[in-house]
>>> print(open('data.cif').read())   # mmCIF, C-alpha atoms
data_entry
loop_
_atom_site.label_atom_id
_atom_site.label_comp_id
_atom_site.auth_asym_id
_atom_site.auth_seq_id
_atom_site.Cartn_x
_atom_site.Cartn_y
_atom_site.Cartn_z
CA MET A 85 24.66 -45.35 -8.89
CA SER A 86 27.35 -42.76 -8.37
CA ARG A 87 29.56 -42.78 -5.35
CA ALA A 88 29.31 -39.95 -2.84
CA ARG A 89 33.04 -39.36 -2.61
CA ASN A 90 32.89 -35.74 -1.47
CA TYR A 91 29.87 -36.01 0.80
CA GLY A 92 31.79 -35.01 3.91
CA PHE A 93 33.35 -32.08 2.10
CA ASP A 94 29.97 -30.88 0.74
CA ARG A 95 28.40 -31.16 4.17
CA ARG A 96 31.19 -29.16 5.77
CA ARG A 97 30.95 -26.54 3.02
CA ARG A 98 27.19 -26.17 3.53
CA ASP A 99 27.69 -25.89 7.30
CA ASP A 100 30.34 -23.23 6.79
CA LEU A 101 27.99 -21.24 4.53
CA ARG A 102 25.16 -21.56 7.05
CA ARG A 103 27.42 -20.41 9.89
CA ALA A 104 28.67 -17.46 7.82
CA LYS A 105 25.08 -16.38 7.11
CA GLN A 106 24.13 -16.68 10.77
CA GLU A 107 27.20 -14.72 11.83
CA ALA A 108 26.41 -11.95 9.32
CA LYS A 109 22.85 -11.85 10.63
CA ARG A 110 24.09 -11.59 14.22
CA GLN A 111 26.52 -8.83 13.21
CA ARG A 112 23.75 -6.82 11.52
CA LYS A 113 21.56 -7.28 14.59
CA THR A 114 24.25 -6.03 16.98
CA ASP A 115 25.02 -3.09 14.65
CA ARG A 116 21.34 -2.11 14.68
CA SER A 117 21.13 -2.39 18.47
CA GLU A 118 24.25 -0.24 18.87
CA THR A 119 22.93 2.49 16.60
CA GLY A 120 19.43 2.33 18.07
CA ALA A 121 17.76 1.33 14.82
CA THR A 122 15.23 -1.42 15.33
CA GLY A 123 14.27 -2.26 11.77
CA PRO A 124 12.69 -0.80 8.68
CA GLU A 125 10.64 2.28 9.39
CA MET A 126 7.16 2.56 8.01
CA GLY A 127 7.41 6.31 7.50
CA GLU A 128 4.72 8.86 8.07
CA ALA A 129 1.11 8.03 7.37
CA GLN A 130 -0.06 9.22 3.99
CA THR A 131 -3.13 11.35 3.69
CA THR A 132 -5.97 9.62 1.93
CA GLY A 133 -8.84 11.10 0.02
CA PRO A 134 -9.11 13.86 -2.54
CA ASP A 135 -7.24 17.14 -2.45
CA PRO A 136 -8.93 20.16 -0.87
CA GLY A 137 -11.32 21.80 -3.31
CA VAL A 138 -12.19 18.48 -4.96
CA TRP A 139 -15.07 16.09 -4.39
CA GLU A 140 -14.62 12.35 -4.90
CA TRP A 141 -17.49 10.32 -6.36
CA PHE A 142 -18.11 6.56 -6.71
CA SER A 143 -20.26 4.75 -9.28
CA ALA A 144 -21.21 1.16 -8.42
CA SER A 145 -22.34 0.33 -11.96
CA ARG A 146 -19.08 1.61 -13.44
CA GLY A 147 -16.97 0.22 -10.59
CA ARG A 148 -14.78 3.31 -10.42
CA THR A 149 -14.24 6.62 -8.69
CA THR A 150 -13.82 10.08 -10.16
CA THR A 151 -13.26 13.59 -8.90
CA SER A 152 -14.99 16.87 -9.69
CA ALA A 153 -14.82 20.47 -8.60
CA VAL A 154 -16.58 21.36 -5.35
CA GLY A 155 -20.33 21.81 -5.89
CA THR A 156 -20.55 19.93 -9.17
CA ARG A 157 -21.63 16.38 -10.01
CA PRO A 158 -19.99 14.11 -12.56
CA PRO A 159 -21.68 13.95 -15.99
CA ALA A 160 -25.20 12.53 -15.67
CA ASP A 161 -24.75 9.79 -18.26
CA ALA A 162 -26.99 6.76 -17.75
CA PRO A 163 -26.91 5.22 -15.22
CA ASP A 164 -26.62 8.20 -12.91
CA ASP A 165 -25.69 6.39 -9.70
CA TRP A 166 -22.85 8.59 -8.46
CA ILE A 167 -22.35 8.57 -4.66
CA LEU A 168 -20.40 11.37 -2.99
CA LEU A 169 -17.51 9.94 -0.97
CA THR A 170 -16.14 13.27 0.31
CA ASP A 171 -17.40 14.40 3.71
CA VAL A 172 -19.16 17.74 3.28
CA SER A 173 -21.17 19.97 5.61
CA GLU A 174 -24.96 20.25 5.43
CA GLU A 175 -24.91 23.53 3.48
CA ASP A 176 -22.39 22.19 0.97
CA GLN A 177 -24.43 19.18 -0.15
CA PRO A 178 -24.17 18.34 -3.87
CA PRO A 179 -26.92 19.36 -6.27
CA SER A 180 -29.45 16.62 -6.96
CA SER A 181 -29.12 14.66 -10.16
CA SER A 182 -31.14 16.03 -13.05
CA SER A 183 -32.55 12.70 -14.23
CA GLY A 184 -36.15 12.65 -15.23
#
>>> encode(input="data.cif", output="structure tokens")
Amino acid sequence: MSRARNYGFDRRRRDDLRRAKQEAKRQRKTDRSETGATGPEMGEAQTTGPDPGVWEWFSASRGRTTTSAVGTRPPADAPDDWILLTDVSEEDQPPSSSSG
């Protein structure tokens, strides 16, 4: 078993490092309070959804989404289970699928 000759020195060194970290943390905190910054900003909320002039569709069987021009459906490959995700008015409803 090895002797712990420098145990006291190691302990003091670790305490000094811990104190230095705490002091740096306190300094950053006081700098932020002096400048009025309170922490990382989240930024502005991003807009979600498709761009204007585009409809977004979802297929459960494919497990994916796709976009198309306004008024058109995605290709009617089997299975044709596309669901329109974009909010549209009553008169702008998508054409029905041509399966049959």
>>> closest_residue(input="data.cif", among="A:Pro159, A:Asp100, A:Gly120, A:Leu168", to="Trp141 in chain A", atoms="only C-alpha atoms")
A:Leu168
>>> resolve_selection(input="data.cif", expression="the PyMOL selection byres ((chain A and resi 170) around 9)", output="list in words")
Gly133, Pro134, Val138, Trp139, Glu140, Trp141, Leu168, Leu169, Asp171 and Val172 of chain A
>>> resolve_selection(input="data.cif", expression="the PyMOL selection byres ((chain A and resi 161) around 12)", output="list in words")
Ser143, Ser145, Arg146, Arg157, Pro158, Pro159, Ala160, Ala162, Pro163, Asp164, Asp165, Trp166, Ser181, Ser182 and Ser183 of chain A
>>> write_last_selection(input="data.cif", atoms="C-alpha atoms", output="PDB file, in the coordinates of the input")
ATOM      1  CA  SER A 143     -20.260   4.750  -9.280  1.00  0.00           C
ATOM      2  CA  SER A 145     -22.340   0.330 -11.960  1.00  0.00           C
ATOM      3  CA  ARG A 146     -19.080   1.610 -13.440  1.00  0.00           C
ATOM      4  CA  ARG A 157     -21.630  16.380 -10.010  1.00  0.00           C
ATOM      5  CA  PRO A 158     -19.990  14.110 -12.560  1.00  0.00           C
ATOM      6  CA  PRO A 159     -21.680  13.950 -15.990  1.00  0.00           C
ATOM      7  CA  ALA A 160     -25.200  12.530 -15.670  1.00  0.00           C
ATOM      8  CA  ALA A 162     -26.990   6.760 -17.750  1.00  0.00           C
ATOM      9  CA  PRO A 163     -26.910   5.220 -15.220  1.00  0.00           C
ATOM     10  CA  ASP A 164     -26.620   8.200 -12.910  1.00  0.00           C
ATOM     11  CA  ASP A 165     -25.690   6.390  -9.700  1.00  0.00           C
ATOM     12  CA  TRP A 166     -22.850   8.590  -8.460  1.00  0.00           C
ATOM     13  CA  SER A 181     -29.120  14.660 -10.160  1.00  0.00           C
ATOM     14  CA  SER A 182     -31.140  16.030 -13.050  1.00  0.00           C
ATOM     15  CA  SER A 183     -32.550  12.700 -14.230  1.00  0.00           C
TER      16      SER A 183
END
>>> resolve_selection(input="data.cif", expression="the PyMOL selection byres ((chain A and resi 155) around 9)", output="ChimeraX atom specification")
/A:138-139,152-154,156-157,176-179
